[in-house]
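Remarks on the structure that follows.
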Amino acid sequence: MANRSGAASTSTRENVRRYEHFIAGQWAAPSSGQLFETYNPATGEVLAHLARGDKQDVDKAVEAARMAFESNAWQEMVPVQRGRILFRIAELIRQQKEELATLESLDTGKPISQARADVEVAARYFEFYGGVADKIMGSTIPVMPGALDFTVREPYGVSAQIIPWNYPIQIGARGIAPALAAGNTVVVKPAEEASLTCLEMARIAQEGGLPSGALNVITGYGTEAGAPLASHSGINHLTFTGSVEVGISVMKAAAENIVPVTLELGGKSPNLLFADAEMAKALPAIVRSILQNCGQTCSAGSRLLVEESVHDAVVREVKERFQATRLGHPLEDPDMGPLISARQREAVLGYVELAPQEGARVVTGGVPPEDSRLRKGYYLLPTLLDEVAPSARVFSEEIFGPVLTVTAFSGVEEALKLANATPYGLVAAVWTRDLSRAHYLASKIRAGQVFINSYGAGGGVELPFGGMRRSGFGREKSLEALLNYTQVKNIFVKYS
Ligand code: NAD
């Protein structure tokens with residue numbers, strides 16, 4: 001796809017792609033002239049050389065976004081026309097679905113069918129927000145006779161968006177599409193581990209008719225490119241998706257410029273499984289909720305809380321399902337691909353080592369697969385940890401790998417206490433046939449999304465998604481996201 005992208009020249013090695021930043025509608029060389037390497041997690045081989053962004057590049061991208069905003073070419077375009085351009089971008093993404101999915105799969109290590117689903121979701125974001133561009137409405141307020149009071153929702157200006165590596169095209173589109181629909185212009189900093197599809201999306205948006213500078217992408221490391229973007233005095237809004245630690249630093253940086261922030265951070269989401277649940281539906285969904293994307297999903301179902309009476313049978317069944325999971329090269333569409341990097345696998349293995357010291361039992365997994373064909377990739381077998389105490393670090397810390405912890409409970413109140421016993425609050429699911437119990441728990445669980453007899457990692461494009469407590473604040477997806485990307489102006493007119 002590199003040729004089609006028009007990204008700078010090809011690399012010395014033919015199969016290694018090379019990309020520059022995308023600024024003001026063009027590929028732009030890094031100011032420092034420096035590139036960095038990114039790797040294919042399935043093989044450990046170099047996949048691409050990317051521009052190593054720094055403060056100077058960020059300045060250029062923010063300036064381009066500022067000029068695009070102030071030129072009014074985008075924010076004052078007739079809203080329905082803005083929407084049509086977003087529809088066109090959705091269409092172009094779908095036309096290039098296979099190339100984009102292949103790139104995403106190579107870059108992140110996710111199975112190709114998951115990558116295809118991600119590309120489709122990215123198209124859906126542009127379609128969904130394309131449809132609301134001309135429906136961003138205010139209200140009228142009955143204050144007094146002889147006066148008209150009304151509100152309008154206006155764009156902030158330049159929206160800076162810093163995103164992680166686990167779902168680059170999906171999370172990229174999740175922030176870009178509503179920001180653009182509302183008339184903002186955007187600068188995105190994708191993660192250094194996986195930036196390719198975000199760059200391609202900027203090219204596609206340009207082809208789709210987006211004015212130059214309305215969407216800019218800067219690649220590079222967090223401290224070199226992310227930090228200058230977060231602290232830039234020229235931005236008006238910041239969306240950060242990533243770890244709690246970096247989220248805190250980004251929020252502090254934005255505070256210096258009084259810039260509003262949306263934080264989408266980590267999670268340690270529980271599945272609460274009661275003995276009366278329909279096990280044939282619950283167990284496959286619970287397994288999928290942790291193994292999807294090799295457990296590297298903020299909303300992964302990483303804790304299984306199971307009613308004592310069915311604990312042994314459930315652990316046996318989950319173990320069998322884990323052991324039947326096919327690992328393989330992402331383009332061969334296995335059940336599970338590799339982790340994103342050697343560093344990530346080390347971090348996950350650190351937790352697996354810790355578990356027995358905290359009294360937990362490793363039921364299966366916890367090591368890389370023996371298959372010699374997978375030796376060079378960052379693979380890890382699905383790992384099941386049983387008898388995990390609420391005091392254990394593996395119970396409350398986000399592991400971000402294919403590791404499921406199991407904790408038994410007795411009764412609704414204990415289940416609830418365990419569900420709320422971590423600092424996070426992103427997603428939760430309750431599996432039971434008892435509807436009053438399900439509703440009671442849904443009302444008491446502190447999480448931004450609760451599923452009953454289902455689990456959607458983040459749900460669909462239409463459902464508001466975001467965290468409580470250390471999982472962050474503000475909502476992405478759905479019409480709710482428009483509240484993040486617009487500010488209210490109140491206008492009072494005295495006419496008598
Ligand atoms: P990370 O916080 O390390 O990096 C995220 C982004 O921040 C990257 O683009 C990185 O380059 C940048 N960054 C790093 N240091 C920075 C700094 N000092 N200033 C500015 N930017 C900086 O997170 P990650 O490892 O890429 O992703 C994993 C984390 O993201 C997990 O905790 C996961 O739960 C979370 N996540 C949350 C959601 C959600 O929607 N809630 C979605 C996906 C991932």
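Residues are referred to by chain and number: the chain letter is A, B, ... according to the order shown in the structure tokens, the number counts from 1 in that chain, and ligands are numbered separately from 1 in the order shown.
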
Using only C-alpha atoms and all ligand atoms, find each residue of chain A with at least one atom at most 7 Å away from an atom of ligand 1; report its shortest atom-to-atom pair and that distance in Å (one decimal), sort the rows by chain and rising residue number, and return the result as JSON lines.
{"residue": "A:Ile162", "atom": "CA", "partner": "ligand 1", "partner_atom_place_in_ligand_line": "9 (O)", "distance": 5.2}
{"residue": "A:Ile163", "atom": "CA", "partner": "ligand 1", "partner_atom_place_in_ligand_line": "9 (O)", "distance": 4.6}
{"residue": "A:Pro164", "atom": "CA", "partner": "ligand 1", "partner_atom_place_in_ligand_line": "26 (O)", "distance": 3.6}
{"residue": "A:Trp165", "atom": "CA", "partner": "ligand 1", "partner_atom_place_in_ligand_line": "26 (O)", "distance": 5.0}
{"residue": "A:Asn166", "atom": "CA", "partner": "ligand 1", "partner_atom_place_in_ligand_line": "43 (C)", "distance": 6.0}
{"residue": "A:Tyr167", "atom": "CA", "partner": "ligand 1", "partner_atom_place_in_ligand_line": "43 (C)", "distance": 6.7}
{"residue": "A:Lys189", "atom": "CA", "partner": "ligand 1", "partner_atom_place_in_ligand_line": "9 (O)", "distance": 5.8}
{"residue": "A:Pro190", "atom": "CA", "partner": "ligand 1", "partner_atom_place_in_ligand_line": "9 (O)", "distance": 4.6}
{"residue": "A:Ala191", "atom": "CA", "partner": "ligand 1", "partner_atom_place_in_ligand_line": "9 (O)", "distance": 3.3}
{"residue": "A:Glu192", "atom": "CA", "partner": "ligand 1", "partner_atom_place_in_ligand_line": "11 (O)", "distance": 5.5}
{"residue": "A:Gly220", "atom": "CA", "partner": "ligand 1", "partner_atom_place_in_ligand_line": "11 (O)", "distance": 6.9}
{"residue": "A:Tyr221", "atom": "CA", "partner": "ligand 1", "partner_atom_place_in_ligand_line": "11 (O)", "distance": 4.9}
{"residue": "A:Gly222", "atom": "CA", "partner": "ligand 1", "partner_atom_place_in_ligand_line": "11 (O)", "distance": 3.3}
{"residue": "A:Thr223", "atom": "CA", "partner": "ligand 1", "partner_atom_place_in_ligand_line": "18 (N)", "distance": 4.5}
{"residue": "A:Gly226", "atom": "CA", "partner": "ligand 1", "partner_atom_place_in_ligand_line": "21 (N)", "distance": 3.6}
{"residue": "A:Ala227", "atom": "CA", "partner": "ligand 1", "partner_atom_place_in_ligand_line": "19 (N)", "distance": 3.5}
{"residue": "A:Ala230", "atom": "CA", "partner": "ligand 1", "partner_atom_place_in_ligand_line": "20 (C)", "distance": 5.9}
{"residue": "A:Thr241", "atom": "CA", "partner": "ligand 1", "partner_atom_place_in_ligand_line": "37 (C)", "distance": 5.0}
{"residue": "A:Gly242", "atom": "CA", "partner": "ligand 1", "partner_atom_place_in_ligand_line": "30 (O)", "distance": 3.0}
{"residue": "A:Ser243", "atom": "CA", "partner": "ligand 1", "partner_atom_place_in_ligand_line": "32 (O)", "distance": 3.6}
{"residue": "A:Val244", "atom": "CA", "partner": "ligand 1", "partner_atom_place_in_ligand_line": "32 (O)", "distance": 6.2}
{"residue": "A:Glu245", "atom": "CA", "partner": "ligand 1", "partner_atom_place_in_ligand_line": "2 (O)", "distance": 6.7}
{"residue": "A:Val246", "atom": "CA", "partner": "ligand 1", "partner_atom_place_in_ligand_line": "2 (O)", "distance": 4.7}
{"residue": "A:Gly247", "atom": "CA", "partner": "ligand 1", "partner_atom_place_in_ligand_line": "2 (O)", "distance": 6.5}
{"residue": "A:Ser249", "atom": "CA", "partner": "ligand 1", "partner_atom_place_in_ligand_line": "18 (N)", "distance": 6.3}
{"residue": "A:Val250", "atom": "CA", "partner": "ligand 1", "partner_atom_place_in_ligand_line": "19 (N)", "distance": 5.6}
{"residue": "A:Glu264", "atom": "CA", "partner": "ligand 1", "partner_atom_place_in_ligand_line": "41 (N)", "distance": 3.7}
{"residue": "A:Leu265", "atom": "CA", "partner": "ligand 1", "partner_atom_place_in_ligand_line": "41 (N)", "distance": 4.2}
{"residue": "A:Gly266", "atom": "CA", "partner": "ligand 1", "partner_atom_place_in_ligand_line": "34 (O)", "distance": 3.1}
{"residue": "A:Gly267", "atom": "CA", "partner": "ligand 1", "partner_atom_place_in_ligand_line": "34 (O)", "distance": 5.5}
{"residue": "A:Thr297", "atom": "CA", "partner": "ligand 1", "partner_atom_place_in_ligand_line": "43 (C)", "distance": 5.9}
{"residue": "A:Cys298", "atom": "CA", "partner": "ligand 1", "partner_atom_place_in_ligand_line": "34 (O)", "distance": 3.4}
{"residue": "A:Ser299", "atom": "CA", "partner": "ligand 1", "partner_atom_place_in_ligand_line": "41 (N)", "distance": 6.9}
{"residue": "A:Glu398", "atom": "CA", "partner": "ligand 1", "partner_atom_place_in_ligand_line": "32 (O)", "distance": 6.9}
{"residue": "A:Phe400", "atom": "CA", "partner": "ligand 1", "partner_atom_place_in_ligand_line": "31 (C)", "distance": 6.8}
{"residue": "A:Gly466", "atom": "CA", "partner": "ligand 1", "partner_atom_place_in_ligand_line": "41 (N)", "distance": 6.1}
{"residue": "A:Gly467", "atom": "CA", "partner": "ligand 1", "partner_atom_place_in_ligand_line": "41 (N)", "distance": 6.8}
{"residue": "A:Ser471", "atom": "CA", "partner": "ligand 1", "partner_atom_place_in_ligand_line": "41 (N)", "distance": 6.4}

Selection export as a CSV table (one decimal), in the first residue's frame, atoms kept: C-alpha atoms:
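As written to disk, out32.csv reads:
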chain,number,residue,atom,x,y,z
A,162,ILE,CA,-3.2,10.6,21.0
A,163,ILE,CA,-4.0,6.9,20.5
A,164,PRO,CA,-2.7,3.5,21.4
A,165,TRP,CA,-1.5,0.5,19.3
A,166,ASN,CA,-4.1,-2.1,19.9
A,167,TYR,CA,-6.9,-0.9,17.6
A,189,LYS,CA,-0.4,11.0,17.1
A,190,PRO,CA,-0.7,7.2,16.7
A,191,ALA,CA,1.4,4.8,18.9
A,192,GLU,CA,4.9,4.2,17.8
A,220,GLY,CA,6.9,9.1,16.6
A,221,TYR,CA,7.6,8.3,20.2
A,222,GLY,CA,5.4,9.3,23.1
A,223,THR,CA,7.9,11.6,24.8
A,226,GLY,CA,3.1,12.9,22.0
A,227,ALA,CA,4.3,15.1,24.9
A,230,ALA,CA,-0.4,17.3,24.6
A,241,THR,CA,-6.5,6.8,24.8
A,242,GLY,CA,-3.9,4.8,26.5
A,243,SER,CA,-2.5,3.9,29.9
A,244,VAL,CA,-3.4,5.6,33.2
A,245,GLU,CA,0.1,6.7,33.8
A,246,VAL,CA,0.5,8.6,30.5
A,247,GLY,CA,-3.1,9.8,30.8
A,249,SER,CA,0.8,13.3,32.5
A,250,VAL,CA,-1.2,14.3,29.4
A,264,GLU,CA,-10.0,6.7,27.7
A,265,LEU,CA,-7.8,4.6,29.9
A,266,GLY,CA,-7.4,1.0,31.0
A,267,GLY,CA,-9.7,-1.5,32.5
A,297,THR,CA,-8.2,-4.7,24.6
A,298,CYS,CA,-8.9,-2.0,27.2
A,299,SER,CA,-12.3,-3.5,27.7
A,398,GLU,CA,-4.4,-4.5,34.0
A,400,PHE,CA,-3.0,-6.5,28.8
A,466,GLY,CA,-15.9,5.3,28.3
A,467,GLY,CA,-14.9,4.8,31.9
A,471,SER,CA,-10.7,4.1,33.4

Handout entry: Residue set, segment 369-431 of chain A restricted to strand (DSSP E or B), as a list in words
Key =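 Result set for segment 369-431 of chain A (strand (DSSP E or B)): Thr383, Leu384, Leu385, Asp386, Val403, Leu404, Thr405, Val406, Thr407, Ala408, Phe409, Val427, Ala428, Ala429, Val430 and Trp431 of chain A.
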
Keeping only all heavy atoms, take the residues you just selected and write them out as a short mmCIF file (atom, residue, chain, number, x, y, z; two decimals), in the first residue's frame.
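The file below, again_28.cif, is the result:
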data_model
loop_
_atom_site.label_atom_id
_atom_site.label_comp_id
_atom_site.auth_asym_id
_atom_site.auth_seq_id
_atom_site.Cartn_x
_atom_site.Cartn_y
_atom_site.Cartn_z
N THR A 383 -3.75 -18.03 29.00
CA THR A 383 -3.33 -18.35 30.37
C THR A 383 -4.50 -18.17 31.33
O THR A 383 -5.14 -17.12 31.36
CB THR A 383 -2.17 -17.40 30.76
OG1 THR A 383 -1.13 -17.58 29.79
CG2 THR A 383 -1.64 -17.71 32.15
N LEU A 384 -4.73 -19.24 32.12
CA LEU A 384 -5.83 -19.21 33.07
C LEU A 384 -5.27 -19.27 34.49
O LEU A 384 -4.54 -20.21 34.83
CB LEU A 384 -6.74 -20.43 32.79
CG LEU A 384 -8.03 -20.52 33.59
CD1 LEU A 384 -8.93 -19.31 33.35
CD2 LEU A 384 -8.78 -21.81 33.21
N LEU A 385 -5.63 -18.27 35.28
CA LEU A 385 -5.17 -18.22 36.68
C LEU A 385 -6.39 -18.41 37.58
O LEU A 385 -7.33 -17.61 37.53
CB LEU A 385 -4.52 -16.87 37.00
CG LEU A 385 -3.35 -16.41 36.11
CD1 LEU A 385 -2.87 -15.02 36.55
CD2 LEU A 385 -2.19 -17.41 36.19
N ASP A 386 -6.35 -19.46 38.39
CA ASP A 386 -7.50 -19.73 39.28
C ASP A 386 -7.13 -19.36 40.73
O ASP A 386 -5.95 -19.15 41.04
CB ASP A 386 -7.88 -21.21 39.17
CG ASP A 386 -9.23 -21.48 39.81
OD1 ASP A 386 -9.97 -20.52 40.09
OD2 ASP A 386 -9.54 -22.67 40.05
N VAL A 403 -4.61 -13.31 29.54
CA VAL A 403 -4.58 -13.88 30.90
C VAL A 403 -5.91 -13.62 31.59
O VAL A 403 -6.30 -12.45 31.79
CB VAL A 403 -3.43 -13.25 31.73
CG1 VAL A 403 -3.41 -13.85 33.12
CG2 VAL A 403 -2.09 -13.43 31.03
N LEU A 404 -6.59 -14.70 31.95
CA LEU A 404 -7.88 -14.58 32.63
C LEU A 404 -7.73 -15.01 34.08
O LEU A 404 -7.20 -16.10 34.36
CB LEU A 404 -8.92 -15.47 31.93
CG LEU A 404 -10.32 -15.49 32.55
CD1 LEU A 404 -10.99 -14.12 32.47
CD2 LEU A 404 -11.20 -16.53 31.84
N THR A 405 -8.18 -14.17 35.01
CA THR A 405 -8.15 -14.55 36.43
C THR A 405 -9.54 -15.05 36.82
O THR A 405 -10.55 -14.54 36.34
CB THR A 405 -7.77 -13.37 37.33
OG1 THR A 405 -8.82 -12.39 37.29
CG2 THR A 405 -6.46 -12.74 36.90
N VAL A 406 -9.56 -16.06 37.70
CA VAL A 406 -10.84 -16.60 38.18
C VAL A 406 -10.92 -16.44 39.69
O VAL A 406 -9.98 -16.79 40.41
CB VAL A 406 -10.98 -18.10 37.82
CG1 VAL A 406 -12.35 -18.62 38.27
CG2 VAL A 406 -10.79 -18.32 36.33
N THR A 407 -12.06 -15.91 40.14
CA THR A 407 -12.30 -15.76 41.58
C THR A 407 -13.73 -16.24 41.86
O THR A 407 -14.65 -15.82 41.15
CB THR A 407 -12.15 -14.28 42.00
OG1 THR A 407 -10.87 -13.81 41.55
CG2 THR A 407 -12.26 -14.10 43.51
N ALA A 408 -13.88 -17.10 42.85
CA ALA A 408 -15.23 -17.62 43.15
C ALA A 408 -15.95 -16.67 44.11
O ALA A 408 -15.32 -16.00 44.92
CB ALA A 408 -15.11 -19.01 43.77
N PHE A 409 -17.29 -16.63 43.99
CA PHE A 409 -18.08 -15.83 44.93
C PHE A 409 -19.29 -16.63 45.40
O PHE A 409 -19.69 -17.61 44.76
CB PHE A 409 -18.54 -14.51 44.30
CG PHE A 409 -19.53 -14.66 43.17
CD1 PHE A 409 -20.89 -14.86 43.43
CD2 PHE A 409 -19.12 -14.59 41.84
CE1 PHE A 409 -21.81 -15.00 42.40
CE2 PHE A 409 -20.03 -14.73 40.81
CZ PHE A 409 -21.38 -14.94 41.09
N VAL A 427 -15.96 -1.72 31.67
CA VAL A 427 -17.05 -2.58 31.21
C VAL A 427 -17.28 -3.67 32.25
O VAL A 427 -16.37 -4.02 33.01
CB VAL A 427 -16.68 -3.22 29.84
CG1 VAL A 427 -17.69 -4.26 29.41
CG2 VAL A 427 -16.58 -2.15 28.75
N ALA A 428 -18.50 -4.23 32.28
CA ALA A 428 -18.79 -5.40 33.10
C ALA A 428 -19.91 -6.17 32.43
O ALA A 428 -20.68 -5.60 31.65
CB ALA A 428 -19.22 -4.99 34.51
N ALA A 429 -19.97 -7.48 32.71
CA ALA A 429 -21.09 -8.27 32.19
C ALA A 429 -21.64 -9.14 33.30
O ALA A 429 -20.89 -9.63 34.15
CB ALA A 429 -20.63 -9.14 31.02
N VAL A 430 -22.97 -9.31 33.29
CA VAL A 430 -23.65 -10.16 34.27
C VAL A 430 -24.34 -11.28 33.50
O VAL A 430 -25.10 -11.01 32.57
CB VAL A 430 -24.70 -9.36 35.06
CG1 VAL A 430 -25.38 -10.26 36.11
CG2 VAL A 430 -24.07 -8.14 35.73
N TRP A 431 -24.05 -12.51 33.87
CA TRP A 431 -24.64 -13.67 33.19
C TRP A 431 -25.56 -14.38 34.17
O TRP A 431 -25.11 -14.99 35.14
CB TRP A 431 -23.54 -14.63 32.72
CG TRP A 431 -22.60 -14.01 31.71
CD1 TRP A 431 -21.48 -13.30 31.97
CD2 TRP A 431 -22.74 -14.03 30.28
NE1 TRP A 431 -20.88 -12.87 30.80
CE2 TRP A 431 -21.65 -13.32 29.75
CE3 TRP A 431 -23.67 -14.58 29.40
CZ2 TRP A 431 -21.47 -13.14 28.37
CZ3 TRP A 431 -23.48 -14.42 28.03
CH2 TRP A 431 -22.39 -13.70 27.53
#

Practice task
For each of A:Ala181, A:Ile112, A:Leu327, A:Ile235, take the minimum atom-to-atom distance to Glu256 of chain A, counting only C-alpha atoms, then give the residue where this is smallest.
Solution key: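 Using only C-alpha atoms, the shortest distance to Glu256 of chain A belongs to A:Ile235.
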
Problem - Residue contacts of His21 of chain A (6 Å, only C-alpha atoms) excluding same-chain residues fewer than 5 positions away, as JSON, numbers by chain - result: {"A": [27, 28, 217, 218]}

Problem - Per-residue DSSP, segment 114-238 of chain A, filtered to helix (DSSP H, G or I), as number ranges by chain - result: A: 114-130, 168-181, 196-207, 222-230

Taking C-alpha atoms for each residue, export the selection above as a tab-separated table (two decimals), in the first residue's frame.
chain	number	residue	atom	x	y	z
A	114	GLN	CA	-10.38	-9.19	13.37
A	115	ALA	CA	-8.48	-6.63	11.29
A	116	ARG	CA	-11.25	-6.74	8.66
A	117	ALA	CA	-13.82	-6.17	11.38
A	118	ASP	CA	-11.79	-3.21	12.66
A	119	VAL	CA	-11.66	-1.65	9.19
A	120	GLU	CA	-15.41	-2.06	8.85
A	121	VAL	CA	-15.89	-0.36	12.23
A	122	ALA	CA	-13.65	2.50	11.10
A	123	ALA	CA	-15.87	2.95	8.02
A	124	ARG	CA	-18.93	2.82	10.28
A	125	TYR	CA	-17.58	5.73	12.38
A	126	PHE	CA	-17.31	7.96	9.32
A	127	GLU	CA	-20.75	6.84	8.19
A	128	PHE	CA	-22.35	7.30	11.62
A	129	TYR	CA	-20.92	10.77	12.20
A	130	GLY	CA	-21.40	11.72	8.54
A	168	PRO	CA	-5.24	1.91	15.55
A	169	ILE	CA	-7.70	2.23	12.67
A	170	GLN	CA	-10.74	1.78	14.89
A	171	ILE	CA	-9.67	4.11	17.68
A	172	GLY	CA	-8.27	6.58	15.14
A	173	ALA	CA	-11.61	6.77	13.32
A	174	ARG	CA	-13.49	6.83	16.64
A	175	GLY	CA	-12.02	10.23	17.49
A	176	ILE	CA	-11.39	11.68	14.03
A	177	ALA	CA	-14.92	11.20	12.64
A	178	PRO	CA	-16.95	12.95	15.39
A	179	ALA	CA	-14.35	15.72	15.72
A	180	LEU	CA	-14.58	16.43	11.97
A	181	ALA	CA	-18.36	16.07	11.88
A	196	LEU	CA	0.36	2.59	9.47
A	197	THR	CA	-3.40	2.51	9.06
A	198	CYS	CA	-3.79	5.96	10.65
A	199	LEU	CA	-1.44	7.35	8.02
A	200	GLU	CA	-3.41	5.57	5.31
A	201	MET	CA	-6.64	6.94	6.74
A	202	ALA	CA	-5.30	10.51	6.41
A	203	ARG	CA	-4.46	9.85	2.76
A	204	ILE	CA	-7.93	8.41	2.18
A	205	ALA	CA	-9.61	11.36	3.89
A	206	GLN	CA	-7.74	13.71	1.58
A	207	GLU	CA	-8.86	11.69	-1.44
A	222	GLY	CA	5.43	9.31	23.13
A	223	THR	CA	7.93	11.57	24.84
A	224	GLU	CA	9.23	13.12	21.59
A	225	ALA	CA	6.00	13.64	19.62
A	226	GLY	CA	3.12	12.86	22.01
A	227	ALA	CA	4.26	15.12	24.87
A	228	PRO	CA	4.80	18.25	22.70
A	229	LEU	CA	1.35	17.71	21.19
A	230	ALA	CA	-0.35	17.33	24.58
